[in-house]
file model_34.cif (mmCIF, N, CA and C atoms)
data_entry
#
loop_
_atom_site.label_atom_id
_atom_site.label_comp_id
_atom_site.auth_asym_id
_atom_site.auth_seq_id
_atom_site.Cartn_x
_atom_site.Cartn_y
_atom_site.Cartn_z
N MET A 27 200.96 -97.67 -54.34
CA MET A 27 200.21 -96.72 -55.14
C MET A 27 201.05 -96.28 -56.34
N LYS A 28 200.44 -96.20 -57.48
CA LYS A 28 201.13 -95.79 -58.69
C LYS A 28 201.44 -94.30 -58.63
N SER A 29 202.56 -93.94 -59.21
CA SER A 29 202.97 -92.54 -59.18
C SER A 29 202.17 -91.71 -60.19
N GLN A 30 202.14 -90.44 -59.91
CA GLN A 30 201.52 -89.48 -60.82
C GLN A 30 202.55 -88.42 -61.13
N LYS A 31 202.42 -87.85 -62.32
CA LYS A 31 203.31 -86.77 -62.72
C LYS A 31 202.63 -85.43 -62.48
N PHE A 32 203.44 -84.42 -62.23
CA PHE A 32 202.94 -83.05 -62.14
C PHE A 32 202.57 -82.60 -63.55
N VAL A 33 201.40 -81.95 -63.68
CA VAL A 33 200.98 -81.46 -64.99
C VAL A 33 200.27 -80.13 -64.80
N VAL A 34 200.46 -79.23 -65.75
CA VAL A 34 199.81 -77.93 -65.77
C VAL A 34 199.16 -77.75 -67.13
N SER A 35 197.96 -77.23 -67.14
CA SER A 35 197.27 -76.88 -68.39
C SER A 35 196.79 -75.45 -68.24
N GLN A 36 197.42 -74.54 -68.96
CA GLN A 36 197.08 -73.13 -68.82
C GLN A 36 196.10 -72.69 -69.90
N GLY A 37 195.13 -71.89 -69.46
CA GLY A 37 194.08 -71.43 -70.35
C GLY A 37 194.60 -70.70 -71.58
N ARG A 38 195.66 -69.94 -71.41
CA ARG A 38 196.18 -69.17 -72.55
C ARG A 38 196.74 -70.08 -73.64
N ASP A 39 197.05 -71.33 -73.29
CA ASP A 39 197.57 -72.29 -74.26
C ASP A 39 196.51 -73.32 -74.68
N ALA A 40 195.26 -73.07 -74.31
CA ALA A 40 194.19 -74.05 -74.56
C ALA A 40 194.10 -74.40 -76.04
N ARG A 41 194.02 -75.69 -76.30
CA ARG A 41 193.88 -76.20 -77.66
C ARG A 41 192.71 -77.17 -77.68
N PHE A 42 191.69 -76.83 -78.42
CA PHE A 42 190.52 -77.70 -78.56
C PHE A 42 190.62 -78.46 -79.88
N VAL A 43 190.28 -79.73 -79.84
CA VAL A 43 190.30 -80.59 -81.04
C VAL A 43 188.93 -81.22 -81.20
N PRO A 44 188.61 -81.70 -82.40
CA PRO A 44 187.32 -82.38 -82.57
C PRO A 44 187.15 -83.48 -81.53
N GLY A 45 185.95 -83.54 -80.96
CA GLY A 45 185.67 -84.50 -79.91
C GLY A 45 185.06 -85.80 -80.42
N PHE A 46 184.73 -86.67 -79.50
CA PHE A 46 184.09 -87.96 -79.81
C PHE A 46 182.75 -87.72 -80.51
N ARG A 47 182.03 -86.69 -80.07
CA ARG A 47 180.78 -86.30 -80.69
C ARG A 47 181.05 -85.10 -81.60
N SER A 48 180.46 -85.07 -82.78
CA SER A 48 180.76 -84.04 -83.78
C SER A 48 180.38 -82.64 -83.34
N TYR A 49 179.51 -82.51 -82.36
CA TYR A 49 179.05 -81.20 -81.91
C TYR A 49 179.83 -80.68 -80.71
N PHE A 50 180.87 -81.41 -80.29
CA PHE A 50 181.74 -80.97 -79.21
C PHE A 50 183.20 -80.93 -79.68
N GLN A 51 183.94 -79.97 -79.11
CA GLN A 51 185.39 -79.95 -79.22
C GLN A 51 185.91 -80.22 -77.81
N ASP A 52 187.06 -80.86 -77.72
CA ASP A 52 187.60 -81.27 -76.43
C ASP A 52 188.97 -80.66 -76.18
N ARG A 53 189.19 -80.29 -74.94
CA ARG A 53 190.50 -79.83 -74.48
C ARG A 53 191.00 -80.81 -73.44
N ASP A 54 192.04 -81.54 -73.76
CA ASP A 54 192.65 -82.50 -72.84
C ASP A 54 193.48 -81.70 -71.83
N LEU A 55 193.27 -81.92 -70.55
CA LEU A 55 193.98 -81.19 -69.50
C LEU A 55 195.25 -81.89 -69.03
N GLY A 56 195.61 -83.01 -69.69
CA GLY A 56 196.86 -83.70 -69.39
C GLY A 56 196.80 -84.71 -68.27
N VAL A 57 195.63 -84.90 -67.69
CA VAL A 57 195.49 -85.80 -66.54
C VAL A 57 195.66 -87.27 -66.93
N ARG A 58 195.19 -87.65 -68.11
CA ARG A 58 195.29 -89.05 -68.54
C ARG A 58 196.77 -89.48 -68.57
N ASP A 59 197.60 -88.69 -69.21
CA ASP A 59 199.02 -89.04 -69.29
C ASP A 59 199.69 -88.96 -67.93
N ALA A 60 199.34 -87.97 -67.13
CA ALA A 60 199.97 -87.78 -65.82
C ALA A 60 199.62 -88.87 -64.82
N THR A 61 198.49 -89.54 -65.03
CA THR A 61 198.06 -90.60 -64.10
C THR A 61 198.20 -92.00 -64.71
N GLY A 62 198.89 -92.10 -65.82
CA GLY A 62 199.05 -93.41 -66.46
C GLY A 62 197.72 -94.00 -66.91
N GLY A 63 196.76 -93.13 -67.27
CA GLY A 63 195.47 -93.60 -67.78
C GLY A 63 194.43 -93.90 -66.71
N ARG A 64 194.76 -93.68 -65.45
CA ARG A 64 193.78 -93.97 -64.39
C ARG A 64 192.63 -92.98 -64.37
N TYR A 65 192.89 -91.73 -64.79
CA TYR A 65 191.86 -90.69 -64.83
C TYR A 65 192.01 -89.90 -66.12
N THR A 66 190.97 -89.17 -66.46
CA THR A 66 191.07 -88.16 -67.51
C THR A 66 190.28 -86.94 -67.07
N ALA A 67 190.70 -85.79 -67.53
CA ALA A 67 189.98 -84.54 -67.29
C ALA A 67 190.00 -83.77 -68.60
N GLU A 68 188.82 -83.41 -69.06
CA GLU A 68 188.69 -82.69 -70.32
C GLU A 68 187.65 -81.60 -70.17
N VAL A 69 187.81 -80.56 -70.97
CA VAL A 69 186.77 -79.56 -71.12
C VAL A 69 186.13 -79.81 -72.48
N HIS A 70 184.82 -79.99 -72.48
CA HIS A 70 184.07 -80.15 -73.72
C HIS A 70 183.36 -78.83 -73.99
N ARG A 71 183.41 -78.35 -75.22
CA ARG A 71 182.68 -77.14 -75.56
C ARG A 71 181.88 -77.36 -76.83
N ALA A 72 180.74 -76.70 -76.88
CA ALA A 72 179.85 -76.83 -78.04
C ALA A 72 180.50 -76.19 -79.26
N CYS A 73 180.37 -76.85 -80.41
CA CYS A 73 180.87 -76.28 -81.66
C CYS A 73 179.81 -76.39 -82.76
N ALA A 74 178.66 -76.97 -82.43
CA ALA A 74 177.54 -77.12 -83.35
C ALA A 74 176.30 -77.35 -82.50
N PRO A 75 175.11 -77.17 -83.07
CA PRO A 75 173.88 -77.39 -82.30
C PRO A 75 173.72 -78.85 -81.87
N CYS A 76 172.98 -79.04 -80.80
CA CYS A 76 172.65 -80.39 -80.34
C CYS A 76 171.78 -81.06 -81.39
N PRO A 77 172.07 -82.30 -81.77
CA PRO A 77 171.25 -82.99 -82.76
C PRO A 77 169.82 -83.18 -82.26
N GLN A 78 168.88 -83.24 -83.18
CA GLN A 78 167.50 -83.52 -82.80
C GLN A 78 167.47 -84.91 -82.16
N GLY A 79 166.87 -85.02 -81.01
CA GLY A 79 166.86 -86.28 -80.26
C GLY A 79 168.05 -86.41 -79.32
N GLY A 80 168.98 -85.45 -79.38
CA GLY A 80 170.12 -85.46 -78.47
C GLY A 80 171.22 -86.39 -78.92
N SER A 81 172.03 -86.77 -77.98
CA SER A 81 173.18 -87.63 -78.25
C SER A 81 172.76 -89.07 -78.49
N GLY A 82 171.55 -89.39 -78.07
CA GLY A 82 171.09 -90.77 -78.06
C GLY A 82 171.46 -91.39 -76.73
N ALA A 83 170.60 -92.23 -76.21
CA ALA A 83 170.86 -92.87 -74.92
C ALA A 83 172.09 -93.77 -75.05
N HIS A 84 172.98 -93.68 -74.06
CA HIS A 84 174.20 -94.47 -74.08
C HIS A 84 174.73 -94.63 -72.65
N THR A 85 175.71 -95.50 -72.52
CA THR A 85 176.39 -95.74 -71.24
C THR A 85 177.89 -95.70 -71.46
N HIS A 86 178.64 -95.56 -70.37
CA HIS A 86 180.09 -95.62 -70.42
C HIS A 86 180.57 -96.66 -69.41
N THR A 87 181.63 -97.38 -69.76
CA THR A 87 182.21 -98.35 -68.83
C THR A 87 183.23 -97.61 -67.97
N VAL A 88 182.74 -96.95 -66.94
CA VAL A 88 183.58 -96.15 -66.05
C VAL A 88 183.30 -96.51 -64.59
N ASP A 89 184.22 -96.10 -63.73
CA ASP A 89 184.03 -96.24 -62.29
C ASP A 89 183.60 -94.93 -61.67
N PHE A 90 183.89 -93.82 -62.38
CA PHE A 90 183.64 -92.48 -61.84
C PHE A 90 183.46 -91.52 -63.01
N GLN A 91 182.40 -90.68 -62.93
CA GLN A 91 182.17 -89.67 -63.97
C GLN A 91 181.54 -88.44 -63.32
N PHE A 92 182.30 -87.36 -63.30
CA PHE A 92 181.89 -86.12 -62.67
C PHE A 92 181.91 -85.01 -63.71
N ASN A 93 180.87 -84.16 -63.69
CA ASN A 93 180.74 -83.06 -64.64
C ASN A 93 180.48 -81.76 -63.90
N TYR A 94 181.11 -80.68 -64.39
CA TYR A 94 180.94 -79.35 -63.82
C TYR A 94 180.80 -78.36 -64.97
N VAL A 95 179.68 -77.62 -64.99
CA VAL A 95 179.42 -76.67 -66.07
C VAL A 95 180.19 -75.38 -65.81
N LEU A 96 181.08 -75.06 -66.73
CA LEU A 96 181.90 -73.85 -66.62
C LEU A 96 181.19 -72.65 -67.23
N LYS A 97 180.45 -72.89 -68.30
CA LYS A 97 179.83 -71.82 -69.07
C LYS A 97 178.58 -72.36 -69.75
N GLY A 98 177.53 -71.53 -69.85
CA GLY A 98 176.32 -71.93 -70.56
C GLY A 98 175.46 -72.89 -69.76
N TRP A 99 174.74 -73.75 -70.49
CA TRP A 99 173.87 -74.74 -69.85
C TRP A 99 173.84 -76.02 -70.68
N ILE A 100 173.45 -77.12 -70.04
CA ILE A 100 173.30 -78.42 -70.70
C ILE A 100 172.12 -79.14 -70.07
N ARG A 101 171.34 -79.83 -70.90
CA ARG A 101 170.19 -80.61 -70.43
C ARG A 101 170.51 -82.09 -70.68
N VAL A 102 170.35 -82.89 -69.61
CA VAL A 102 170.71 -84.31 -69.68
C VAL A 102 169.59 -85.14 -69.07
N TRP A 103 169.19 -86.19 -69.80
CA TRP A 103 168.29 -87.19 -69.24
C TRP A 103 169.16 -88.30 -68.67
N LEU A 104 168.86 -88.68 -67.41
CA LEU A 104 169.59 -89.75 -66.73
C LEU A 104 168.59 -90.81 -66.28
N GLU A 105 168.88 -92.04 -66.62
CA GLU A 105 168.01 -93.17 -66.28
C GLU A 105 167.67 -93.18 -64.79
N GLY A 106 166.39 -93.20 -64.49
CA GLY A 106 165.92 -93.24 -63.11
C GLY A 106 165.95 -91.90 -62.40
N GLN A 107 166.50 -90.88 -63.05
CA GLN A 107 166.61 -89.55 -62.43
C GLN A 107 165.83 -88.49 -63.20
N GLY A 108 165.44 -88.78 -64.44
CA GLY A 108 164.71 -87.82 -65.26
C GLY A 108 165.64 -86.86 -65.97
N GLU A 109 165.05 -85.80 -66.49
CA GLU A 109 165.82 -84.80 -67.24
C GLU A 109 166.17 -83.62 -66.34
N HIS A 110 167.41 -83.18 -66.41
CA HIS A 110 167.90 -82.07 -65.59
C HIS A 110 168.58 -81.06 -66.48
N THR A 111 168.41 -79.79 -66.17
CA THR A 111 169.15 -78.72 -66.83
C THR A 111 170.19 -78.21 -65.85
N PHE A 112 171.45 -78.23 -66.27
CA PHE A 112 172.56 -77.78 -65.44
C PHE A 112 173.12 -76.49 -66.04
N ASN A 113 173.29 -75.49 -65.20
CA ASN A 113 173.79 -74.18 -65.61
C ASN A 113 175.21 -73.97 -65.07
N ALA A 114 175.86 -72.91 -65.55
CA ALA A 114 177.21 -72.59 -65.09
C ALA A 114 177.25 -72.62 -63.57
N GLY A 115 178.22 -73.33 -63.03
CA GLY A 115 178.37 -73.48 -61.59
C GLY A 115 177.73 -74.73 -61.04
N ASP A 116 176.93 -75.44 -61.84
CA ASP A 116 176.28 -76.69 -61.41
C ASP A 116 177.18 -77.88 -61.72
N SER A 117 176.99 -78.96 -60.96
CA SER A 117 177.74 -80.19 -61.19
C SER A 117 176.84 -81.38 -60.99
N TRP A 118 177.26 -82.52 -61.52
CA TRP A 118 176.57 -83.77 -61.24
C TRP A 118 177.55 -84.93 -61.34
N LEU A 119 177.28 -85.94 -60.52
CA LEU A 119 178.05 -87.18 -60.51
C LEU A 119 177.15 -88.26 -61.07
N GLN A 120 177.60 -88.90 -62.13
CA GLN A 120 176.82 -89.98 -62.74
C GLN A 120 177.29 -91.31 -62.19
N PRO A 121 176.38 -92.14 -61.68
CA PRO A 121 176.78 -93.48 -61.24
C PRO A 121 177.34 -94.29 -62.41
N PRO A 122 178.27 -95.19 -62.15
CA PRO A 122 178.85 -96.00 -63.22
C PRO A 122 177.77 -96.73 -64.03
N GLY A 123 177.92 -96.67 -65.35
CA GLY A 123 177.03 -97.42 -66.24
C GLY A 123 175.64 -96.86 -66.40
N ILE A 124 175.32 -95.70 -65.83
CA ILE A 124 173.97 -95.15 -65.94
C ILE A 124 173.70 -94.74 -67.40
N GLN A 125 172.54 -95.10 -67.87
CA GLN A 125 172.12 -94.69 -69.21
C GLN A 125 171.79 -93.19 -69.17
N HIS A 126 172.23 -92.45 -70.18
CA HIS A 126 171.98 -91.02 -70.23
C HIS A 126 171.93 -90.53 -71.67
N ASN A 127 171.34 -89.34 -71.85
CA ASN A 127 171.19 -88.73 -73.17
C ASN A 127 171.30 -87.22 -73.00
N VAL A 128 172.26 -86.62 -73.69
CA VAL A 128 172.38 -85.16 -73.71
C VAL A 128 171.32 -84.66 -74.67
N THR A 129 170.31 -83.94 -74.15
CA THR A 129 169.16 -83.56 -74.97
C THR A 129 169.17 -82.11 -75.43
N GLY A 130 170.11 -81.31 -74.94
CA GLY A 130 170.22 -79.93 -75.38
C GLY A 130 171.35 -79.22 -74.67
N PHE A 131 171.82 -78.13 -75.27
CA PHE A 131 172.86 -77.32 -74.64
C PHE A 131 172.93 -75.97 -75.35
N SER A 132 173.50 -75.00 -74.64
CA SER A 132 173.66 -73.66 -75.20
C SER A 132 174.86 -73.62 -76.15
N ALA A 133 174.84 -72.64 -77.04
CA ALA A 133 175.92 -72.49 -78.02
C ALA A 133 177.26 -72.19 -77.35
N ASP A 134 177.22 -71.63 -76.14
CA ASP A 134 178.46 -71.28 -75.44
C ASP A 134 178.86 -72.30 -74.36
N LEU A 135 178.27 -73.50 -74.40
CA LEU A 135 178.53 -74.51 -73.37
C LEU A 135 180.01 -74.86 -73.27
N GLU A 136 180.49 -74.92 -72.03
CA GLU A 136 181.77 -75.52 -71.69
C GLU A 136 181.56 -76.31 -70.41
N VAL A 137 181.94 -77.57 -70.43
CA VAL A 137 181.74 -78.43 -69.26
C VAL A 137 183.02 -79.21 -68.99
N LEU A 138 183.43 -79.23 -67.73
CA LEU A 138 184.58 -80.01 -67.29
C LEU A 138 184.10 -81.41 -66.93
N GLU A 139 184.78 -82.42 -67.46
CA GLU A 139 184.42 -83.80 -67.16
C GLU A 139 185.66 -84.51 -66.63
N ILE A 140 185.50 -85.19 -65.48
CA ILE A 140 186.57 -85.97 -64.88
C ILE A 140 186.08 -87.41 -64.79
N VAL A 141 186.86 -88.34 -65.34
CA VAL A 141 186.41 -89.72 -65.49
C VAL A 141 187.54 -90.68 -65.09
N SER A 142 187.14 -91.82 -64.53
CA SER A 142 188.06 -92.91 -64.26
C SER A 142 187.41 -94.22 -64.69
N PRO A 143 188.10 -95.06 -65.40
CA PRO A 143 189.46 -94.90 -65.88
C PRO A 143 189.53 -93.86 -67.01
N GLY A 144 190.76 -93.46 -67.34
CA GLY A 144 190.96 -92.42 -68.34
C GLY A 144 190.64 -92.84 -69.76
N VAL A 145 190.64 -94.12 -70.02
CA VAL A 145 190.24 -94.65 -71.32
C VAL A 145 189.08 -95.60 -71.06
N PHE A 146 187.96 -95.39 -71.75
CA PHE A 146 186.76 -96.18 -71.48
C PHE A 146 185.95 -96.35 -72.76
N GLU A 147 185.02 -97.28 -72.70
CA GLU A 147 184.14 -97.55 -73.85
C GLU A 147 182.81 -96.86 -73.67
N THR A 148 182.19 -96.49 -74.80
CA THR A 148 180.84 -95.94 -74.85
C THR A 148 179.98 -96.94 -75.59
N HIS A 149 178.81 -97.23 -75.04
CA HIS A 149 177.88 -98.19 -75.65
C HIS A 149 176.55 -97.50 -75.91
N GLU A 150 176.15 -97.47 -77.16
CA GLU A 150 174.83 -96.91 -77.50
C GLU A 150 173.76 -97.83 -76.95
N ALA A 151 172.71 -97.25 -76.39
CA ALA A 151 171.64 -98.06 -75.76
C ALA A 151 170.62 -98.50 -76.80
#
call {"tool": "encode", "arguments": {"input": "model_34.cif", "output": "structure tokens"}}
result
Amino acid sequence: MKSQKFVVSQGRDARFVPGFRSYFQDRDLGVRDATGGRYTAEVHRACAPCPQGGSGAHTHTVDFQFNYVLKGWIRVWLEGQGEHTFNAGDSWLQPPGIQHNVTGFSADLEVLEIVSPGVFETHEA
């Protein structure tokens, strides 16, 4: 088994940077580096309104994708599952490669996302 490093990410030192999507900012929790890229954990927070039509349907080349809403709400369409609204305290596990579209979210949204592998591709559907 590959080794992992001890890592701490404290809220008082939180640094958000522009995310993959222009309407999100991301906080890297240090998991990607600590696991040699096997996992990543980030907090995504809203920094602009959801675009009309949402993020657009897309997939990720991942083995594992888990989301937990820390603050606010987010609405997501998932292929074969329909549209769901997740509120603070809610979570969902997306099967690998499932097509999905973020169709709305609150201005105060913060969501924790844990993914494996830590570096992956996104494919627009």
call {"tool": "residues_around", "arguments": {"input": "model_34.cif", "residues": "Gly45 of chain A", "least_positions_apart": "3", "cutoff": "12 Å", "atoms": "only C-alpha atoms", "output": "NGL selection string"}}
result
:A and (41-42 or 48-54 or 68-74)
call {"tool": "atom_distance", "arguments": {"input": "model_34.cif", "atom1": "atom CA of Ile124 of chain A", "atom2": "atom CA of Gln30 of chain A"}}
result
28.6 Å
call {"tool": "select_by_dssp", "arguments": {"input": "model_34.cif", "residues": "chain A", "states": "alpha helix (DSSP H)", "output": "ChimeraX atom specification"}}
result
/A:57-60
call {"tool": "residues_around", "arguments": {"input": "model_34.cif", "residues": "segment 125-139 of chain A", "least_positions_apart": "4", "cutoff": "7 Å", "atoms": "only C-alpha atoms", "output": "list in words"}}
result
Ala67, Glu68, Val69, His70, Arg71, Ala72, Pro75, Cys76, Gly79, Gly80, Ser81, Gly82, Ala83, His84, Thr85, Phe92, Asn93, Tyr94, Val95, Leu96, Lys97, Gly98, Trp99, Ile100, Arg101, Val102, Trp103, Leu104 and Glu105 of chain A
call {"tool": "resolve_selection", "arguments": {"input": "model_34.cif", "expression": "the PyMOL selection byres ((chain A and resi 57) around 8)", "output": "PyMOL selection string"}}
result
chain A and resi 33-34+54-56+58-68+144
call {"tool": "write_last_selection", "arguments": {"input": "model_34.cif", "atoms": "N, CA and C atoms", "output": "short mmCIF file (atom, residue, chain, number, x, y, z; two decimals), in the frame of the given file"}}
result
data_model
loop_
_atom_site.label_atom_id
_atom_site.label_comp_id
_atom_site.auth_asym_id
_atom_site.auth_seq_id
_atom_site.Cartn_x
_atom_site.Cartn_y
_atom_site.Cartn_z
N VAL A 33 201.40 -81.95 -63.68
CA VAL A 33 200.98 -81.46 -64.99
C VAL A 33 200.27 -80.13 -64.80
N VAL A 34 200.46 -79.23 -65.75
CA VAL A 34 199.81 -77.93 -65.77
C VAL A 34 199.16 -77.75 -67.13
N ASP A 54 192.04 -81.54 -73.76
CA ASP A 54 192.65 -82.50 -72.84
C ASP A 54 193.48 -81.70 -71.83
N LEU A 55 193.27 -81.92 -70.55
CA LEU A 55 193.98 -81.19 -69.50
C LEU A 55 195.25 -81.89 -69.03
N GLY A 56 195.61 -83.01 -69.69
CA GLY A 56 196.86 -83.70 -69.39
C GLY A 56 196.80 -84.71 -68.27
N ARG A 58 195.19 -87.65 -68.11
CA ARG A 58 195.29 -89.05 -68.54
C ARG A 58 196.77 -89.48 -68.57
N ASP A 59 197.60 -88.69 -69.21
CA ASP A 59 199.02 -89.04 -69.29
C ASP A 59 199.69 -88.96 -67.93
N ALA A 60 199.34 -87.97 -67.13
CA ALA A 60 199.97 -87.78 -65.82
C ALA A 60 199.62 -88.87 -64.82
N THR A 61 198.49 -89.54 -65.03
CA THR A 61 198.06 -90.60 -64.10
C THR A 61 198.20 -92.00 -64.71
N GLY A 62 198.89 -92.10 -65.82
CA GLY A 62 199.05 -93.41 -66.46
C GLY A 62 197.72 -94.00 -66.91
N GLY A 63 196.76 -93.13 -67.27
CA GLY A 63 195.47 -93.60 -67.78
C GLY A 63 194.43 -93.90 -66.71
N ARG A 64 194.76 -93.68 -65.45
CA ARG A 64 193.78 -93.97 -64.39
C ARG A 64 192.63 -92.98 -64.37
N TYR A 65 192.89 -91.73 -64.79
CA TYR A 65 191.86 -90.69 -64.83
C TYR A 65 192.01 -89.90 -66.12
N THR A 66 190.97 -89.17 -66.46
CA THR A 66 191.07 -88.16 -67.51
C THR A 66 190.28 -86.94 -67.07
N ALA A 67 190.70 -85.79 -67.53
CA ALA A 67 189.98 -84.54 -67.29
C ALA A 67 190.00 -83.77 -68.60
N GLU A 68 188.82 -83.41 -69.06
CA GLU A 68 188.69 -82.69 -70.32
C GLU A 68 187.65 -81.60 -70.17
N GLY A 144 190.76 -93.46 -67.34
CA GLY A 144 190.96 -92.42 -68.34
C GLY A 144 190.64 -92.84 -69.76
#
call {"tool": "atom_distance", "arguments": {"input": "model_34.cif", "atom1": "atom CA of Thr87 of chain A", "atom2": "atom CA of Ala40 of chain A"}}
result
27.7 Å
call {"tool": "closest_residue", "arguments": {"input": "model_34.cif", "among": "A:Gly37, A:Lys28, A:Pro121, A:Pro44", "to": "Val141 of chain A", "atoms": "only C-alpha atoms"}}
result
A:Pro121
call {"tool": "atom_distance", "arguments": {"input": "model_34.cif", "atom1": "atom N of Gln120 of chain A", "atom2": "atom C of Asp39 of chain A"}}
result
27.5 Å
call {"tool": "select_by_dssp", "arguments": {"input": "model_34.cif", "residues": "segment 46-145 of chain A", "states": "strand (DSSP E or B)", "output": "count of residues only"}}
result
52
call {"tool": "closest_residue", "arguments": {"input": "model_34.cif", "among": "A:Asn113, A:His86, A:Phe46, A:Pro122", "to": "Glu150 of chain A", "atoms": "only C-alpha atoms"}}
result
A:His86
